[in-house]
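Worksheet for the structure shown next.
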Amino acid sequence: MPNYQIYVDLGMSGTKVSLCDGVTFQSYLCPPRVADLPPLELQILRDQGTGFGGGLESGAYLQVGDAAYALAEDAEGRSNKTTAMLRKSTLAHLRILGAIGEMAHRFKVSRLKLDIGVALPFDEYLAEQQEVTRRLSETRSLVYRGQPIELEPGVIKVLPEGAGLVQWRKLQALHRGEPVDRTYVVVLVGYRDLTFLVFRQGKPPTGEPSGTVRLGYLEYLQSIAQGMCKPDNPYLFDALLKGAETVAFPDQPGKVFPLNGQTVKAEEFYWEQVRHHLSDKFAALDIPQYEVLVGGGTVLSFLRPRLEVFLSQLPGARVNWLPELSREVETVLRVGAAADQARFADCYGGAKWLALKFAPSREAA
Amino acid sequence: MKLQKRERVILRLDAEEQSLDGQLLCYLKDDPALSLREATLRALKAFYLPWVLEGQQTETEMRVIAKNTIEELQYRAFQIRQRFLPEETLVSPFMGLPAPETVISATPVHSQSVGEPTIATTIEEMQQGVDLVKLNQILDDY
């Protein structure tokens with residue numbers, strides 16, 4: 001049985017996953033949602049499967065013990081009364097199991113011996129990493145799309161978001177014969193959060209000035225979405241990320257909303273908040289020389305020109321937009337859209353780290 | 001508003017159990033890792049989907065569908081090689097395929113051009129030429 005590896009980036013805009021069968025890598029991206037699947041509904045889905053097609057196999061349905069959940073697209077529009085109250089580590093656990101289920105589904109296997117890497121938002125990493133690790137190590141089986149799957153977890157590693165970028169950069173430095181103990185500052189402009197992380201000599205961040213604030217893309221979406229939809233509407237998010245001029249929603253048939261006019265004022269207001277926060281953070285740094293790694297899908301849209309000017313004025317900072325990492329994501333994970341390459345960068349960096357650190361080497365085999 | 005009746009399409013297959021067709025159907029029905037409906041539709045799509053959709057989609061969409069279908073077939077070919085011709089494996093199932101087509105992109109998509117270092121796509125290629133001791137030292141933070 002091959003030694004599979006999975007690396008799951010539990011971002012707020014989506015679950016980004018790298019799947020590795022011991023040889024090559026694949027990507028999987030899905031919405032982050034988890035919703036309850038009550039017993040009655042589970043039974044209806046089961047009956048549909050035996051009666052006239054569809055059923056449990058047709059959607060991302062996860063069963064763990066006695067509980068059942070709908071995940072990703074199949075959770076859209078469902079009640080999540082119970083899951084909304086679940087602890088973050090429990091939700092993280094369910095999303096990871098969903099990704100593992102999808103891996104088994106894609107590779108057509110019912111038993112997986114696999115190493116698991118997880119990237120958690122920084123605050124969850126500090127508070128929940130041990131709980132997530134414990135839960136994963138104790139999970140031996142699950143049912144996904146109606147198919148039972150046996151698990152044999154190997155190495156389980158939980159990293160903070162952004163660590164994948166740093167590990168990838170350190171590997172690149174090793175290949176190039178550059179120093180590998182640089183200090184890195186990671187700036188991630190994510191969907192919900194703006195994250196600032198300091199990796200001193202490449203070591204994991206521990207506390208201040210590293211931290212996360214709710215200044216992600218959602219803050220900007222709040223003002224755009226007025227009179228159109230909810231700020232966290234995935235269709236609006238996708239349209240803006242791709243630079244579309246209009247957006248339409250399946251629940252508002254026949255209506256097309258223009259985006260260009262809405263965005264200018266919202267952009268200015270949002271950037272002012274980001275600039276103010278980052279100025280404080282960089283001012284608090286006590287390091288003379290460091291490299292800034294910039295990540296997150298949002299930066300590729302309107303923030304990049306502004307951030308470029310801002311970062312270029314920082315004394316002692318060398319700014320790295322990681323273009324080679326994007327090319328690797330495109331080639332290895334085969335992710336085509338530039339915005340998605342940026343979204344997958346941290347996940348891919350973590351997956352490459354997991355593969356090189358824990359996959360059996362040819363010499364050892 | 002009057003509800004529109006949704007027609008369903010039913011496909012029924014039977015075969016002599018001992019025949020090759022019968023064995024194939026038994027395999028699909030009995031393997032716990034497979035769902036009969038999904039496995040059947042997946043195989044049919046890989047073979048026939050571009051023809052089914054020809055004339056219904058734009059040229060750009062057809063190109064994406066054609067590429068996805070080729071990827072699916074190549075991936076299956078890779079799995080067959082891995083299982084039954086192991087001496088021919090360690091080749092990426094996606095080798096030689098261009099990257100997926102971008103639908104809408106805010107910024108130009110990167111692509112590897114002449115003069116840039118070749119990007120390793122398999123773990124084995126990534127491991128080549130790396131000092132494993134040093135590698136373990138720098139990757140030992142978690």
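Ligands are numbered from 1 in the order shown, residues from 1 within each chain, and chains are lettered A, B, ... in the order they appear in the structure tokens.
For chain A, the residues close to chain B, meaning within 6 Å and counting only C-alpha atoms, are Val23, Thr24, Val109, Ser110, Lys242, Gly243, Arg327, Val332, Arg334, Gly336, Ala337 and Ala338 of chain A.
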Residues near A:Glu219, anyone? I mean within 9 Å using only C-alpha atoms, not counting same-chain ones fewer than 2 positions away, as a ChimeraX atom specification. /A:191-193,214-217,221-223,231,270
Write to file, as a PDB file, in the first residue's frame, the residues of the selection just made, with C-alpha atoms.
ATOM      1  CA  TYR A 191     -10.386  36.038   3.603  1.00  0.00           C
ATOM      2  CA  ARG A 192     -11.261  36.827   7.220  1.00  0.00           C
ATOM      3  CA  ASP A 193      -7.924  37.750   8.744  1.00  0.00           C
ATOM      4  CA  ARG A 214     -10.173  40.611  11.473  1.00  0.00           C
ATOM      5  CA  LEU A 215      -8.961  42.775   8.627  1.00  0.00           C
ATOM      6  CA  GLY A 216      -9.171  40.287   5.805  1.00  0.00           C
ATOM      7  CA  TYR A 217     -11.018  40.547   2.540  1.00  0.00           C
ATOM      8  CA  LEU A 221     -16.661  42.823   1.132  1.00  0.00           C
ATOM      9  CA  GLN A 222     -18.900  44.264   3.876  1.00  0.00           C
ATOM     10  CA  SER A 223     -19.152  47.568   2.035  1.00  0.00           C
ATOM     11  CA  PRO A 231     -20.712  39.778   2.665  1.00  0.00           C
ATOM     12  CA  TYR A 270     -10.027  49.157   3.500  1.00  0.00           C
TER      13      TYR A 270
END
In stretch 43-285 of chain A, DSSP strand (DSSP E) residues written as a count of residues only: 58
May I have the residues within 8 Å of A:Phe257 as a ChimeraX atom specification, using only C-alpha atoms and disregarding those fewer than 3 positions away in the same chain? /A:228,246-248
Check the smallest atom-to-atom distance from each of A:Leu10, A:Ala72, A:Ile96, A:Val132 to A:Glu161 using only C-alpha atoms, then report the winner.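 Comparing A:Leu10, A:Ala72, A:Ile96, A:Val132 against A:Glu161, the winner is A:Leu10.
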Please return, as JSON, numbers by chain, all residues of stretch 208-358 of chain A that DSSP assigns to helix (DSSP H, G or I) on the basis of the backbone. {"A": [217, 218, 219, 220, 221, 222, 223, 224, 234, 235, 236, 237, 238, 239, 240, 241, 260, 261, 262, 263, 264, 265, 266, 267, 268, 269, 270, 271, 272, 273, 274, 275, 276, 277, 278, 279, 280, 281, 282, 283, 297, 298, 299, 300, 303, 304, 305, 306, 307, 308, 309, 310, 311, 312, 323, 324, 325, 326, 327, 328, 329, 330, 331, 332, 333, 338, 339, 340, 341, 342, 343, 344, 345, 346, 347, 348, 349, 350, 351, 352, 353, 354, 355, 356, 357, 358]}
Give me, as a VMD selection string, all polymer residues having an atom no more than 12 Å from A:Leu114, counting only C-alpha atoms and skipping those fewer than 6 positions away in the same chain. chain A and resid 1 to 7 19 to 22 100 103 to 104 136 to 137 140 150 to 157 354 to 355 358 to 359
Straight-line distance linking atom CA of A:Glu267 with atom CA of A:Ala225, stated in Å to one decimal: 12.9 Å
Give me, please, the distance in Å between atom CA of A:Arg135 and atom CA of A:Pro360, quoted to one decimal. 25.1 Å
